[in-house]
Amino acid sequence: MGTTEHAKQWVAVTVLVFRGDRILAMKRAAAASAGAGVWEGVSGRVEPGEDPLAAARREVIEESGLSVSLLPRPVDTYAARRNQDPMTVLVFRAAYDGGIVTLSHEHDDYRWCTVDEFNELGAPPRLVRAARTADELGDPIP
């Protein structure tokens, strides 16, 4: 068997925050290192050794400042790319508990929209599909 060179593999989380029938759509800043201008949920990389659910909680606070309740298991997991590197994305559903959206430097706009409007904004198709699944699940039980 020959030697195989392994590419860097990113692991990321995306949190779809729902407030009633509305989802929090975040627009990646024009200066973002990846995905500039793309509408998404709250997202970020899982740090080495970090539990993905803990990463999801951390990213919600860092990127939106909101208080949420998270479903403990992902609603979807899929392969994607971050620039040229392979990436695995774990998508979590969260219910808005309170707070006012405070954008980090990673996003320059946000909207509360329906899943159909999220799709119309041009969110990645697989993420829209995950949002439809998450919408059907309803809010986490406290």
# chains A, B, ... in the order shown; residues from 1 in each chain; ligands from 1
>>> select_by_dssp(residues="chain A", states="strand (DSSP E)", output="tab-separated table (two decimals) with N, CA, C and O atoms, in the first residue's frame")
chain	number	residue	atom	x	y	z
A	10	TRP	N	-11.31	20.14	8.32
A	10	TRP	CA	-11.97	21.02	9.27
A	10	TRP	C	-13.23	20.34	9.79
A	10	TRP	O	-13.88	19.60	9.07
A	11	VAL	N	-13.57	20.61	11.04
A	11	VAL	CA	-14.86	20.23	11.60
A	11	VAL	C	-15.51	21.54	12.04
A	11	VAL	O	-14.88	22.34	12.74
A	12	ALA	N	-16.73	21.75	11.59
A	12	ALA	CA	-17.43	23.00	11.90
A	12	ALA	C	-18.84	22.69	12.40
A	12	ALA	O	-19.38	21.62	12.16
A	13	VAL	N	-19.39	23.66	13.10
A	13	VAL	CA	-20.79	23.59	13.53
A	13	VAL	C	-21.54	24.76	12.90
A	13	VAL	O	-20.97	25.83	12.67
A	14	THR	N	-22.79	24.52	12.61
A	14	THR	CA	-23.72	25.59	12.24
A	14	THR	C	-24.92	25.45	13.15
A	14	THR	O	-25.42	24.35	13.35
A	15	VAL	N	-25.35	26.56	13.73
A	15	VAL	CA	-26.50	26.56	14.61
A	15	VAL	C	-27.62	27.34	13.94
A	15	VAL	O	-27.45	28.51	13.59
A	16	LEU	N	-28.74	26.67	13.74
A	16	LEU	CA	-29.93	27.30	13.17
A	16	LEU	C	-30.81	27.73	14.34
A	16	LEU	O	-31.41	26.90	15.01
A	17	VAL	N	-30.82	29.03	14.60
A	17	VAL	CA	-31.56	29.58	15.74
A	17	VAL	C	-32.96	29.96	15.26
A	17	VAL	O	-33.10	30.77	14.33
A	18	PHE	N	-33.97	29.38	15.89
A	18	PHE	CA	-35.36	29.67	15.55
A	18	PHE	C	-36.01	30.52	16.62
A	18	PHE	O	-35.82	30.29	17.82
A	19	ARG	N	-36.76	31.51	16.19
A	19	ARG	CA	-37.62	32.33	17.06
A	19	ARG	C	-39.01	32.18	16.45
A	19	ARG	O	-39.34	32.84	15.47
A	22	ARG	N	-39.40	31.77	12.57
A	22	ARG	CA	-38.32	32.52	11.92
A	22	ARG	C	-36.96	31.96	12.30
A	22	ARG	O	-36.75	31.54	13.44
A	23	ILE	N	-36.05	32.00	11.35
A	23	ILE	CA	-34.69	31.53	11.56
A	23	ILE	C	-33.74	32.72	11.47
A	23	ILE	O	-34.00	33.67	10.72
A	24	LEU	N	-32.69	32.69	12.26
A	24	LEU	CA	-31.69	33.75	12.22
A	24	LEU	C	-30.73	33.50	11.06
A	24	LEU	O	-29.99	32.52	11.05
A	25	ALA	N	-30.78	34.36	10.06
A	25	ALA	CA	-29.87	34.30	8.91
A	25	ALA	C	-28.77	35.33	9.13
A	25	ALA	O	-29.05	36.49	9.44
A	26	MET	N	-27.53	34.89	8.97
A	26	MET	CA	-26.36	35.75	9.18
A	26	MET	C	-25.62	35.86	7.85
A	26	MET	O	-25.36	34.84	7.21
A	27	LYS	N	-25.24	37.08	7.47
A	27	LYS	CA	-24.51	37.29	6.22
A	27	LYS	C	-23.02	37.42	6.53
A	27	LYS	O	-22.61	38.32	7.27
A	28	ARG	N	-22.20	36.53	5.93
A	28	ARG	CA	-20.76	36.57	6.13
A	28	ARG	C	-20.21	37.91	5.65
A	28	ARG	O	-20.60	38.41	4.59
A	39	TRP	N	-25.14	33.91	3.02
A	39	TRP	CA	-26.09	33.87	4.14
A	39	TRP	C	-26.05	32.47	4.74
A	39	TRP	O	-26.07	31.47	4.02
A	40	GLU	N	-25.98	32.40	6.06
A	40	GLU	CA	-25.83	31.13	6.78
A	40	GLU	C	-26.49	31.24	8.15
A	40	GLU	O	-27.09	32.25	8.48
A	42	VAL	N	-25.52	30.68	12.44
A	42	VAL	CA	-24.34	30.92	13.27
A	42	VAL	C	-23.40	29.75	13.01
A	42	VAL	O	-23.82	28.60	13.04
A	43	SER	N	-22.13	30.04	12.72
A	43	SER	CA	-21.24	28.93	12.39
A	43	SER	C	-19.81	29.19	12.86
A	43	SER	O	-19.43	30.33	13.11
A	44	GLY	N	-19.06	28.11	12.94
A	44	GLY	CA	-17.66	28.24	13.30
A	44	GLY	C	-17.00	26.90	13.43
A	44	GLY	O	-17.66	25.86	13.44
A	45	ARG	N	-15.69	26.93	13.54
A	45	ARG	CA	-14.92	25.70	13.64
A	45	ARG	C	-14.93	25.15	15.06
A	45	ARG	O	-14.97	25.90	16.03
A	67	SER	N	-29.07	34.21	23.82
A	67	SER	CA	-29.26	33.09	24.72
A	67	SER	C	-30.19	32.11	23.99
A	67	SER	O	-31.24	32.51	23.49
A	68	VAL	N	-29.78	30.83	23.92
A	68	VAL	CA	-30.56	29.83	23.19
A	68	VAL	C	-30.61	28.52	23.96
A	68	VAL	O	-29.80	28.28	24.86
A	69	SER	N	-31.56	27.67	23.58
A	69	SER	CA	-31.63	26.28	24.03
A	69	SER	C	-31.32	25.41	22.82
A	69	SER	O	-31.96	25.57	21.78
A	70	LEU	N	-30.34	24.54	22.94
A	70	LEU	CA	-29.90	23.70	21.83
A	70	LEU	C	-30.44	22.28	21.93
A	70	LEU	O	-30.44	21.70	23.02
A	76	ASP	N	-28.41	17.52	11.12
A	76	ASP	CA	-27.80	17.10	9.86
A	76	ASP	C	-26.28	17.16	10.01
A	76	ASP	O	-25.76	17.90	10.86
A	77	THR	N	-25.61	16.38	9.21
A	77	THR	CA	-24.16	16.38	9.12
A	77	THR	C	-23.81	16.17	7.66
A	77	THR	O	-24.39	15.30	7.02
A	78	TYR	N	-22.90	16.97	7.13
A	78	TYR	CA	-22.56	16.82	5.72
A	78	TYR	C	-21.14	17.27	5.43
A	78	TYR	O	-20.53	17.99	6.22
A	79	ALA	N	-20.64	16.83	4.29
A	79	ALA	CA	-19.31	17.20	3.83
A	79	ALA	C	-19.42	18.48	3.01
A	79	ALA	O	-20.35	18.68	2.24
A	80	ALA	N	-18.45	19.37	3.21
A	80	ALA	CA	-18.40	20.63	2.48
A	80	ALA	C	-16.92	20.97	2.26
A	80	ALA	O	-16.05	20.14	2.51
A	81	ARG	N	-16.67	22.19	1.83
A	81	ARG	CA	-15.29	22.65	1.66
A	81	ARG	C	-15.16	24.03	2.28
A	81	ARG	O	-16.07	24.84	2.19
A	82	ARG	N	-14.02	24.27	2.90
A	82	ARG	CA	-13.65	25.61	3.38
A	82	ARG	C	-12.48	26.02	2.52
A	82	ARG	O	-11.39	25.48	2.68
A	85	ASP	N	-9.97	23.21	1.47
A	85	ASP	CA	-9.87	22.11	2.43
A	85	ASP	C	-11.21	21.43	2.66
A	85	ASP	O	-12.25	22.09	2.72
A	86	PRO	N	-11.19	20.09	2.84
A	86	PRO	CA	-12.43	19.39	3.17
A	86	PRO	C	-12.90	19.76	4.57
A	86	PRO	O	-12.10	20.05	5.46
A	87	MET	N	-14.22	19.76	4.75
A	87	MET	CA	-14.81	20.16	6.03
A	87	MET	C	-16.04	19.30	6.29
A	87	MET	O	-16.80	19.01	5.38
A	88	THR	N	-16.23	18.90	7.54
A	88	THR	CA	-17.44	18.23	7.97
A	88	THR	C	-18.23	19.23	8.80
A	88	THR	O	-17.69	19.86	9.71
A	89	VAL	N	-19.51	19.39	8.46
A	89	VAL	CA	-20.37	20.36	9.13
A	89	VAL	C	-21.44	19.61	9.93
A	89	VAL	O	-22.14	18.76	9.39
A	90	LEU	N	-21.55	19.94	11.21
A	90	LEU	CA	-22.61	19.41	12.07
A	90	LEU	C	-23.60	20.54	12.31
A	90	LEU	O	-23.20	21.62	12.77
A	91	VAL	N	-24.86	20.32	11.97
A	91	VAL	CA	-25.88	21.36	12.07
A	91	VAL	C	-26.78	21.09	13.27
A	91	VAL	O	-27.37	20.01	13.37
A	92	PHE	N	-26.86	22.08	14.15
A	92	PHE	CA	-27.70	21.98	15.35
A	92	PHE	C	-28.89	22.92	15.24
A	92	PHE	O	-28.81	23.96	14.59
A	93	ARG	N	-29.98	22.57	15.93
A	93	ARG	CA	-31.16	23.43	16.01
A	93	ARG	C	-31.19	24.06	17.39
A	93	ARG	O	-30.93	23.39	18.39
A	94	ALA	N	-31.50	25.34	17.45
A	94	ALA	CA	-31.61	26.04	18.73
A	94	ALA	C	-32.88	26.87	18.73
A	94	ALA	O	-33.36	27.32	17.69
A	95	ALA	N	-33.41	27.07	19.92
A	95	ALA	CA	-34.56	27.95	20.11
A	95	ALA	C	-34.07	29.22	20.80
A	95	ALA	O	-33.29	29.16	21.76
A	96	TYR	N	-34.49	30.35	20.28
A	96	TYR	CA	-34.17	31.66	20.85
A	96	TYR	C	-34.76	31.76	22.25
A	96	TYR	O	-35.95	31.51	22.45
A	97	ASP	N	-33.93	32.08	23.23
A	97	ASP	CA	-34.41	32.29	24.60
A	97	ASP	C	-34.42	33.77	24.98
A	97	ASP	O	-35.18	34.17	25.85
A	98	GLY	N	-33.55	34.57	24.35
A	98	GLY	CA	-33.53	35.99	24.68
A	98	GLY	C	-32.29	36.67	24.16
A	98	GLY	O	-31.35	36.05	23.68
A	107	HIS	N	-19.67	38.72	10.54
A	107	HIS	CA	-20.92	38.96	9.80
A	107	HIS	C	-21.18	40.45	9.71
A	107	HIS	O	-20.83	41.20	10.63
A	108	ASP	N	-21.83	40.86	8.63
A	108	ASP	CA	-22.14	42.28	8.51
A	108	ASP	C	-23.63	42.57	8.37
A	108	ASP	O	-24.03	43.72	8.22
A	109	ASP	N	-24.46	41.53	8.47
A	109	ASP	CA	-25.91	41.74	8.42
A	109	ASP	C	-26.59	40.49	8.97
A	109	ASP	O	-25.98	39.41	9.03
A	110	TYR	N	-27.83	40.65	9.39
A	110	TYR	CA	-28.63	39.51	9.84
A	110	TYR	C	-30.09	39.80	9.57
A	110	TYR	O	-30.50	40.95	9.41
A	111	ARG	N	-30.88	38.74	9.55
A	111	ARG	CA	-32.34	38.84	9.41
A	111	ARG	C	-32.99	37.67	10.12
A	111	ARG	O	-32.44	36.58	10.15
A	112	TRP	N	-34.18	37.92	10.63
A	112	TRP	CA	-35.04	36.84	11.09
A	112	TRP	C	-35.98	36.56	9.91
A	112	TRP	O	-36.72	37.44	9.49
A	113	CYS	N	-35.92	35.36	9.37
A	113	CYS	CA	-36.72	35.07	8.18
A	113	CYS	C	-37.29	33.66	8.23
A	113	CYS	O	-36.86	32.84	9.05
>>> residues_around(residues="A:Ile100", least_positions_apart="6", cutoff="8 Å", atoms="only C-alpha atoms", output="list in words")
Ser64, Gly65 and Leu66 of chain A
>>> write_last_selection(atoms="N, CA and C atoms", output="short mmCIF file (atom, residue, chain, number, x, y, z; two decimals), in the first residue's frame")
data_model
loop_
_atom_site.label_atom_id
_atom_site.label_comp_id
_atom_site.auth_asym_id
_atom_site.auth_seq_id
_atom_site.Cartn_x
_atom_site.Cartn_y
_atom_site.Cartn_z
N SER A 64 -23.45 35.97 17.91
CA SER A 64 -24.77 36.62 17.96
C SER A 64 -25.09 37.26 19.30
N GLY A 65 -24.46 36.79 20.38
CA GLY A 65 -24.76 37.30 21.71
C GLY A 65 -26.09 36.83 22.27
N LEU A 66 -26.76 35.90 21.59
CA LEU A 66 -28.08 35.46 22.03
C LEU A 66 -28.00 34.34 23.05
#
>>> residues_around(residues="A:Gly122", least_positions_apart="2", cutoff="10 Å", atoms="only C-alpha atoms", output="list in words")
Gly37, Val38, Trp39, Glu40, Glu117, Phe118, Asn119, Glu120, Pro124, Pro125 and Val128 of chain A
>>> select_by_dssp(residues="stretch 13-85 of chain A", states="helix (DSSP H, G or I)", output="list in words")
Pro52, Leu53, Ala54, Ala55, Ala56, Arg57, Arg58, Glu59, Val60, Ile61, Glu62, Glu63 and Ser64 of chain A
>>> write_last_selection(atoms="C-alpha atoms", output="PDB file, in the first residue's frame")
ATOM      1  CA  PRO A  52     -19.159  19.883  19.037  1.00  0.00           C
ATOM      2  CA  LEU A  53     -22.135  20.819  21.246  1.00  0.00           C
ATOM      3  CA  ALA A  54     -19.857  23.018  23.365  1.00  0.00           C
ATOM      4  CA  ALA A  55     -18.543  24.580  20.150  1.00  0.00           C
ATOM      5  CA  ALA A  56     -22.123  25.289  19.044  1.00  0.00           C
ATOM      6  CA  ARG A  57     -22.880  27.037  22.360  1.00  0.00           C
ATOM      7  CA  ARG A  58     -19.659  29.047  22.152  1.00  0.00           C
ATOM      8  CA  GLU A  59     -20.257  30.140  18.563  1.00  0.00           C
ATOM      9  CA  VAL A  60     -23.797  31.347  19.324  1.00  0.00           C
ATOM     10  CA  ILE A  61     -22.463  33.596  22.079  1.00  0.00           C
ATOM     11  CA  GLU A  62     -19.452  34.819  20.062  1.00  0.00           C
ATOM     12  CA  GLU A  63     -21.314  35.532  16.825  1.00  0.00           C
ATOM     13  CA  SER A  64     -24.770  36.620  17.961  1.00  0.00           C
TER      14      SER A  64
END
>>> atom_distance(atom1="atom CA of A:Ala30", atom2="atom CA of A:Gln84")
18.6 Å
>>> atom_distance(atom1="atom CA of A:Arg126", atom2="atom CA of A:Pro74")
13.9 Å
>>> closest_residue(among="A:Leu71, A:Val46, A:Ala36, A:Ala131", to="A:Asp116", atoms="only C-alpha atoms")
A:Ala131
>>> atom_distance(atom1="atom CA of A:Pro48", atom2="atom CA of A:His105")
22.4 Å
